[in-house]
$ cat entry.csv   # CSV, C-alpha atoms
chain,number,residue,atom,x,y,z
A,1,CYS,CA,-278.1,-131.0,-220.2
A,2,LYS,CA,-274.4,-130.5,-219.3
A,3,CYS,CA,-272.0,-133.4,-219.6
A,4,ASP,CA,-268.9,-133.5,-217.3
A,5,TRP,CA,-266.0,-136.0,-217.9
A,6,ILE,CA,-264.4,-137.1,-214.6
A,7,GLN,CA,-261.2,-139.1,-214.3
A,8,THR,CA,-261.3,-142.2,-212.2
A,9,CYS,CA,-257.6,-142.7,-211.4
A,10,ALA,CA,-256.5,-139.4,-209.6
A,11,LEU,CA,-254.0,-138.5,-212.3
A,12,PRO,CA,-253.5,-135.3,-214.3
A,13,ILE,CA,-256.2,-134.6,-216.9
A,14,CYS,CA,-256.9,-131.2,-218.4
A,15,GLY,CA,-258.3,-129.4,-221.5
A,16,GLY,CA,-261.9,-129.3,-222.4
A,17,LEU,CA,-263.8,-131.5,-220.0
A,18,THR,CA,-267.4,-130.3,-220.3
A,19,GLY,CA,-269.9,-130.1,-223.1
A,20,SER,CA,-273.7,-129.6,-223.5
A,21,ILE,CA,-276.2,-131.8,-225.2
A,22,GLY,CA,-278.6,-129.3,-226.8
A,23,SER,CA,-282.4,-129.6,-226.8
A,24,GLY,CA,-283.5,-132.2,-229.4
A,25,ALA,CA,-280.0,-133.7,-229.6
A,26,ASN,CA,-278.7,-136.9,-228.1
A,27,SER,CA,-274.9,-136.5,-228.0
A,28,VAL,CA,-272.0,-134.1,-227.7
A,29,THR,CA,-268.3,-134.5,-228.7
A,30,ILE,CA,-265.8,-133.3,-226.2
A,31,SER,CA,-262.7,-132.9,-228.3
A,32,THR,CA,-259.9,-131.5,-226.3
A,33,PRO,CA,-259.3,-133.6,-223.1
A,34,VAL,CA,-255.5,-134.1,-222.5
A,35,TYR,CA,-254.1,-136.8,-220.2
A,36,SER,CA,-250.4,-136.5,-219.2
A,37,LYS,CA,-249.6,-139.9,-217.6
A,38,SER,CA,-248.5,-143.0,-219.3
A,39,ASP,CA,-251.2,-145.2,-217.9
A,40,THR,CA,-254.4,-147.2,-218.4
A,41,MET,CA,-257.4,-145.3,-217.2
A,42,THR,CA,-261.1,-144.9,-217.7
A,43,LEU,CA,-263.4,-141.8,-217.9
A,44,THR,CA,-266.8,-141.3,-216.3
A,45,ALA,CA,-269.4,-139.0,-217.8
A,46,THR,CA,-271.9,-137.5,-215.4
A,47,ALA,CA,-274.8,-135.2,-216.3
A,48,SER,CA,-275.7,-132.0,-214.4
A,49,GLY,CA,-278.7,-129.8,-215.1
A,50,GLY,CA,-281.6,-130.8,-217.2
A,51,VAL,CA,-283.0,-134.3,-216.8
A,52,THR,CA,-281.5,-136.8,-214.3
A,53,LEU,CA,-279.3,-139.3,-216.1
A,54,THR,CA,-277.2,-142.3,-214.9
A,55,ALA,CA,-273.5,-141.8,-215.1
A,56,VAL,CA,-271.6,-144.0,-217.6
A,57,THR,CA,-267.9,-145.2,-217.5
A,58,SER,CA,-265.8,-145.7,-220.6
A,59,GLY,CA,-263.7,-148.8,-221.4
A,60,ASN,CA,-260.0,-148.8,-220.7
A,61,ILE,CA,-258.0,-146.2,-222.4
A,62,VAL,CA,-254.3,-146.9,-222.8
A,63,PHE,CA,-251.9,-143.9,-222.9
A,64,SER,CA,-248.3,-144.4,-224.0
A,65,ALA,CA,-245.3,-142.3,-223.1
A,66,GLY,CA,-244.2,-139.6,-225.6
A,67,THR,CA,-240.7,-139.1,-227.0
A,68,ALA,CA,-237.9,-139.0,-224.5
A,69,THR,CA,-236.7,-135.4,-224.0
A,70,LYS,CA,-234.9,-135.4,-220.6
A,71,LEU,CA,-233.1,-137.3,-217.9
A,72,ALA,CA,-234.2,-137.7,-214.3
A,73,ILE,CA,-232.5,-139.4,-211.4
A,74,THR,CA,-235.3,-141.4,-209.9
A,75,SER,CA,-233.5,-143.3,-207.1
A,76,VAL,CA,-230.4,-142.9,-205.0
A,77,ASN,CA,-229.3,-145.9,-203.0
A,78,GLY,CA,-232.8,-147.4,-203.3
A,79,GLY,CA,-234.2,-144.5,-201.2
A,80,SER,CA,-232.0,-145.1,-198.1
A,81,ASN,CA,-229.2,-142.7,-197.1
A,82,PRO,CA,-225.9,-143.7,-198.6
A,83,THR,CA,-222.8,-144.1,-196.4
A,84,ALA,CA,-219.8,-142.0,-196.9
A,85,GLY,CA,-217.0,-144.0,-198.7
A,86,THR,CA,-219.3,-146.9,-199.5
A,87,GLY,CA,-220.6,-147.6,-203.0
A,88,PHE,CA,-224.3,-147.0,-203.7
A,89,SER,CA,-226.6,-147.1,-206.8
A,90,VAL,CA,-228.2,-144.4,-208.8
A,91,VAL,CA,-231.0,-145.0,-211.3
A,92,VAL,CA,-231.1,-142.6,-214.3
A,93,GLN,CA,-234.3,-142.5,-216.3
A,94,ALA,CA,-235.2,-141.1,-219.7
A,95,GLN,CA,-238.5,-139.3,-219.6
A,96,ASP,CA,-241.0,-137.5,-221.9
A,97,VAL,CA,-242.0,-133.9,-221.3
A,98,ASN,CA,-244.6,-135.0,-218.8
A,99,GLY,CA,-242.2,-137.0,-216.7
A,100,ASN,CA,-243.2,-140.5,-218.0
A,101,ALA,CA,-240.5,-143.1,-218.5
A,102,ALA,CA,-239.8,-143.1,-222.2
A,103,ASN,CA,-237.6,-145.5,-224.2
A,104,VAL,CA,-234.6,-144.0,-226.0
A,105,ALA,CA,-234.2,-144.5,-229.8
A,106,ALA,CA,-230.4,-144.9,-229.7
A,107,SER,CA,-228.2,-146.2,-226.9
A,108,THR,CA,-227.6,-143.1,-224.8
A,109,GLY,CA,-224.5,-142.6,-222.5
A,110,VAL,CA,-225.0,-140.7,-219.3
A,111,THR,CA,-222.6,-139.4,-216.6
A,112,LEU,CA,-223.1,-138.3,-213.0
A,113,SER,CA,-221.7,-135.2,-211.5
A,114,LEU,CA,-222.0,-133.3,-208.2
A,115,ASN,CA,-224.5,-130.5,-208.3
A,116,THR,CA,-224.6,-129.6,-204.6
A,117,GLY,CA,-222.4,-130.7,-201.8
A,118,THR,CA,-218.9,-130.3,-200.4
A,119,GLY,CA,-217.6,-133.8,-200.7
A,120,THR,CA,-216.0,-135.7,-203.6
A,121,LEU,CA,-218.1,-137.8,-206.0
A,122,SER,CA,-216.2,-140.7,-207.4
A,123,GLY,CA,-216.4,-144.4,-208.2
A,124,THR,CA,-218.5,-145.5,-211.2
A,125,LEU,CA,-220.1,-142.4,-212.7
A,126,THR,CA,-221.1,-143.5,-216.2
A,127,GLY,CA,-223.7,-145.8,-217.7
A,128,THR,CA,-225.7,-146.4,-220.8
A,129,ILE,CA,-229.4,-146.5,-221.4
A,130,THR,CA,-229.7,-149.1,-224.1
A,131,ALA,CA,-231.8,-148.5,-227.2
A,132,GLY,CA,-235.4,-149.4,-226.6
A,133,SER,CA,-235.2,-149.1,-222.8
A,134,SER,CA,-235.8,-146.1,-220.5
A,135,SER,CA,-233.3,-146.4,-217.6
A,136,VAL,CA,-229.9,-147.5,-216.4
A,137,THR,CA,-228.7,-148.3,-212.8
A,138,ILE,CA,-225.2,-147.1,-212.1
A,139,SER,CA,-223.7,-149.0,-209.2
A,140,GLY,CA,-220.6,-148.3,-207.2
A,141,VAL,CA,-221.0,-144.5,-206.9
A,142,THR,CA,-219.1,-143.1,-203.9
A,143,TYR,CA,-219.2,-139.9,-201.9
A,144,THR,CA,-216.8,-138.8,-199.2
A,145,LYS,CA,-218.7,-136.3,-197.1
A,146,ALA,CA,-221.3,-137.0,-194.5
A,147,GLU,CA,-223.8,-134.2,-195.0
A,148,SER,CA,-227.3,-133.4,-196.0
A,149,GLY,CA,-228.6,-131.6,-199.1
A,150,VAL,CA,-226.5,-133.5,-201.6
A,151,ILE,CA,-227.8,-133.3,-205.2
A,152,LEU,CA,-226.5,-135.2,-208.2
A,153,THR,CA,-226.9,-134.3,-211.9
A,154,ALA,CA,-227.2,-136.8,-214.8
A,155,THR,CA,-226.0,-135.5,-218.2
A,156,ARG,CA,-226.3,-137.2,-221.6
A,157,THR,CA,-223.0,-137.8,-223.3
A,158,SER,CA,-224.0,-139.6,-226.5
A,159,GLY,CA,-227.1,-141.0,-228.3
A,160,ASP,CA,-230.5,-139.3,-228.0
A,161,THR,CA,-230.4,-135.6,-227.2
A,162,LEU,CA,-231.8,-135.3,-223.6
A,163,ALA,CA,-231.8,-132.5,-221.2
A,164,ALA,CA,-229.8,-133.0,-218.0
A,165,GLY,CA,-231.7,-133.9,-214.8
A,166,ASN,CA,-231.1,-133.6,-211.0
A,167,SER,CA,-231.7,-135.9,-208.1
A,168,SER,CA,-233.8,-134.9,-205.1
A,169,ALA,CA,-231.6,-133.7,-202.2
A,170,PHE,CA,-230.4,-136.6,-200.0
A,171,THR,CA,-228.3,-137.2,-196.9
A,172,VAL,CA,-225.0,-139.1,-196.7
A,173,ASN,CA,-224.3,-140.8,-193.4
A,174,ALA,CA,-220.9,-141.2,-191.8
A,175,GLY,CA,-219.2,-144.6,-192.1
A,176,ALA,CA,-218.0,-146.9,-189.4
A,177,ALA,CA,-215.5,-145.4,-186.9
A,178,SER,CA,-211.9,-146.1,-188.0
A,179,GLN,CA,-209.7,-143.5,-186.4
A,180,VAL,CA,-209.2,-141.1,-183.5
A,181,VAL,CA,-207.7,-137.7,-184.4
A,182,PHE,CA,-206.7,-134.6,-182.5
A,183,THR,CA,-209.1,-131.7,-183.0
A,184,THR,CA,-207.1,-129.6,-180.5
A,185,GLN,CA,-203.4,-130.4,-180.0
A,186,PRO,CA,-201.9,-130.1,-176.5
A,187,SER,CA,-199.7,-127.1,-175.8
A,188,ALA,CA,-196.5,-127.1,-177.8
A,189,SER,CA,-194.6,-126.0,-174.7
A,190,THR,CA,-195.4,-126.1,-171.0
A,191,VAL,CA,-193.8,-126.3,-167.6
A,192,ALA,CA,-193.0,-129.8,-166.2
A,193,GLY,CA,-195.5,-130.9,-163.6
A,194,VAL,CA,-198.1,-128.3,-164.6
A,195,ALA,CA,-201.2,-129.1,-166.6
A,196,PHE,CA,-201.2,-128.2,-170.2
A,197,ALA,CA,-202.5,-124.7,-170.8
A,198,GLN,CA,-204.2,-126.1,-174.0
A,199,GLN,CA,-205.8,-129.4,-173.2
A,200,PRO,CA,-205.9,-132.0,-176.0
A,201,VAL,CA,-209.2,-132.8,-177.7
A,202,VAL,CA,-209.9,-135.9,-179.8
A,203,LYS,CA,-212.7,-137.0,-182.1
A,204,ILE,CA,-213.8,-140.2,-183.7
A,205,GLU,CA,-213.8,-140.3,-187.5
A,206,ASP,CA,-214.7,-142.7,-190.3
A,207,ALA,CA,-212.2,-143.5,-193.0
A,208,SER,CA,-213.2,-140.5,-195.0
A,209,GLY,CA,-212.6,-138.0,-192.2
A,210,ASN,CA,-216.2,-137.6,-191.1
A,211,VAL,CA,-217.0,-137.2,-187.5
A,212,VAL,CA,-219.0,-140.2,-186.2
A,213,THR,CA,-221.8,-138.8,-184.0
A,214,SER,CA,-224.3,-141.7,-183.8
A,215,GLY,CA,-224.5,-145.4,-183.3
A,216,ALA,CA,-222.3,-147.7,-181.2
A,217,ASP,CA,-219.1,-146.4,-182.8
A,218,SER,CA,-219.8,-142.8,-181.6
A,219,THR,CA,-218.9,-143.6,-178.0
A,220,VAL,CA,-215.4,-145.1,-177.1
A,221,SER,CA,-212.9,-144.9,-174.3
A,222,VAL,CA,-209.8,-142.9,-175.3
A,223,ALA,CA,-206.5,-143.1,-173.4
A,224,LEU,CA,-203.4,-140.9,-173.9
A,225,THR,CA,-200.0,-142.5,-173.8
A,226,LEU,CA,-196.5,-141.2,-174.1
A,227,THR,CA,-195.1,-141.8,-177.6
A,228,THR,CA,-191.7,-140.1,-177.1
A,229,GLY,CA,-190.0,-138.7,-174.0
A,230,THR,CA,-188.5,-140.2,-170.8
A,231,GLY,CA,-190.8,-138.6,-168.2
A,232,THR,CA,-194.1,-139.8,-166.7
A,233,LEU,CA,-197.4,-138.7,-168.2
A,234,GLY,CA,-200.1,-138.1,-165.6
A,235,GLY,CA,-203.3,-136.3,-165.1
A,236,THR,CA,-206.7,-137.1,-166.5

$ encode --input "entry.csv" --output "structure tokens"
Amino acid sequence: CKCDWIQTCALPICGGLTGSIGSGANSVTISTPVYSKSDTMTLTATASGGVTLTAVTSGNIVFSAGTATKLAITSVNGGSNPTAGTGFSVVVQAQDVNGNAANVAASTGVTLSLNTGTGTLSGTLTGTITAGSSSVTISGVTYTKAESGVILTATRTSGDTLAAGNSSAFTVNAGAASQVVFTTQPSASTVAGVAFAQQPVVKIEDASGNVVTSGADSTVSVALTLTTGTGTLGGT
């Protein structure tokens, strides 16, 4: 009969997964299954063809991670959108070739840089994965631009030789409203008593110069007053 090995934990298994127990024999060795996840799992053997046999499940099989070969950014701000100008955390992890968390042999320095985005990345941008561990949380990272599609890169600077890794793209939200600025200046010259040919336009920004477009801060009343001059400012 034919013997099929079926995983029981919905994770990647590949290689030789079938074999045949020949007539007059009672066993078959399936010698090339490969499992890619650092995990504890079991296998189930089911028979197909030939006589009807009851399936059997193996005992627990423990798989350990391989040697660390690369870096990955596994978390930005705990999965929530960071706020422009406000510190957030980034988790950098050492991984084996299959993406399993893998301990480094030597303390390994890492630095963060901007891969994609138009703002400025600053604050705390370095950290160390200590020997015998697999990750470091870098806190106090800041970014100035409210935009989507931001990607960070983690690069090894010392210790184990690991390939650089990127974060998933994420969105940075605008901060709290802190200022009103002119987006269109009023006419530089005009006739007294006549409406400005170019009417002033203002917008609400956070401390980093991002336009605030949502939340309670996005709607305010704005009044124009005379800063210099001796006449009377009127109109609407």

$ residues_around --input "entry.csv" --residues "Glu205 of chain A" --least-positions-apart "5" --cutoff "10 Å" --atoms "only C-alpha atoms" --output "PyMOL selection string"
chain A and resi 174-181+210-213+217-218

$ write_last_selection --input "entry.csv" --atoms "C-alpha atoms" --output "PDB file, in the coordinates of the input"
ATOM      1  CA  ALA A 174    -220.900-141.200-191.800  1.00  0.00           C
ATOM      2  CA  GLY A 175    -219.200-144.600-192.100  1.00  0.00           C
ATOM      3  CA  ALA A 176    -218.000-146.900-189.400  1.00  0.00           C
ATOM      4  CA  ALA A 177    -215.500-145.400-186.900  1.00  0.00           C
ATOM      5  CA  SER A 178    -211.900-146.100-188.000  1.00  0.00           C
ATOM      6  CA  GLN A 179    -209.700-143.500-186.400  1.00  0.00           C
ATOM      7  CA  VAL A 180    -209.200-141.100-183.500  1.00  0.00           C
ATOM      8  CA  VAL A 181    -207.700-137.700-184.400  1.00  0.00           C
ATOM      9  CA  ASN A 210    -216.200-137.600-191.100  1.00  0.00           C
ATOM     10  CA  VAL A 211    -217.000-137.200-187.500  1.00  0.00           C
ATOM     11  CA  VAL A 212    -219.000-140.200-186.200  1.00  0.00           C
ATOM     12  CA  THR A 213    -221.800-138.800-184.000  1.00  0.00           C
ATOM     13  CA  ASP A 217    -219.100-146.400-182.800  1.00  0.00           C
ATOM     14  CA  SER A 218    -219.800-142.800-181.600  1.00  0.00           C
TER      15      SER A 218
END

$ atom_distance --input "entry.csv" --atom1 "atom CA of Ser89 of chain A" --atom2 "atom CA of Gly159 of chain A"
22.4 Å

$ closest_residue --input "entry.csv" --among "A:Gly140, A:Gly66, A:Gly87, A:Gly117" --to "Val104 of chain A" --atoms "only C-alpha atoms"
A:Gly66

$ closest_residue --input "entry.csv" --among "A:Leu53, A:Val194, A:Val76, A:Ala25" --to "Phe170 of chain A" --atoms "only C-alpha atoms"
A:Val76

$ residues_around --input "entry.csv" --residues "Pro200 of chain A" --least-positions-apart "5" --cutoff "8 Å" --atoms "all atoms listed in the file" --output "list in words"
Phe182, Thr183, Thr184, Gln185, Pro186 and Ser187 of chain A

$ residues_near_point --input "entry.csv" --point "(-229.3, -136.6, -205.9)" --cutoff "12 Å" --atoms "all atoms listed in the file" --output "ChimeraX atom specification"
/A:72-82,88-92,112-117,121,141,143,148-154,165-172

$ atom_distance --input "entry.csv" --atom1 "atom CA of Thr111 of chain A" --atom2 "atom CA of Thr128 of chain A"
8.7 Å

$ residues_around --input "entry.csv" --residues "Thr236 of chain A" --least-positions-apart "2" --cutoff "12 Å" --atoms "all atoms listed in the file" --output "number ranges by chain"
A: 195-196, 199-200, 222-225, 233-234

$ write_last_selection --input "entry.csv" --atoms "C-alpha atoms" --output "PDB file, keeping the file's coordinate frame"
ATOM      1  CA  ALA A 195    -201.200-129.100-166.600  1.00  0.00           C
ATOM      2  CA  PHE A 196    -201.200-128.200-170.200  1.00  0.00           C
ATOM      3  CA  GLN A 199    -205.800-129.400-173.200  1.00  0.00           C
ATOM      4  CA  PRO A 200    -205.900-132.000-176.000  1.00  0.00           C
ATOM      5  CA  VAL A 222    -209.800-142.900-175.300  1.00  0.00           C
ATOM      6  CA  ALA A 223    -206.500-143.100-173.400  1.00  0.00           C
ATOM      7  CA  LEU A 224    -203.400-140.900-173.900  1.00  0.00           C
ATOM      8  CA  THR A 225    -200.000-142.500-173.800  1.00  0.00           C
ATOM      9  CA  LEU A 233    -197.400-138.700-168.200  1.00  0.00           C
ATOM     10  CA  GLY A 234    -200.100-138.100-165.600  1.00  0.00           C
TER      11      GLY A 234
END

$ residues_near_point --input "entry.csv" --point "(-237.7, -138.6, -229.5)" --cutoff "10 Å" --atoms "all atoms listed in the file" --output "list in words"
Gly66, Thr67, Ala68, Thr69, Lys70, Gln95, Asp96, Ala102, Asn103, Val104, Ala105, Ala106, Asp160, Thr161 and Leu162 of chain A

$ atom_distance --input "entry.csv" --atom1 "atom CA of Ala84 of chain A" --atom2 "atom CA of Thr126 of chain A"
19.4 Å

$ closest_residue --input "entry.csv" --among "A:Thr120, A:Thr54, A:Ser27, A:Leu71" --to "Ala146 of chain A" --atoms "all atoms listed in the file"
A:Thr120

$ closest_residue --input "entry.csv" --among "A:Ser134, A:Leu125, A:Gly235, A:Asp206" --to "Gly193 of chain A" --atoms "all atoms listed in the file"
A:Gly235

$ closest_residue --input "entry.csv" --among "A:Ala197, A:Ala164, A:Ala101, A:Ala207" --to "Lys145 of chain A" --atoms "all atoms listed in the file"
A:Ala207
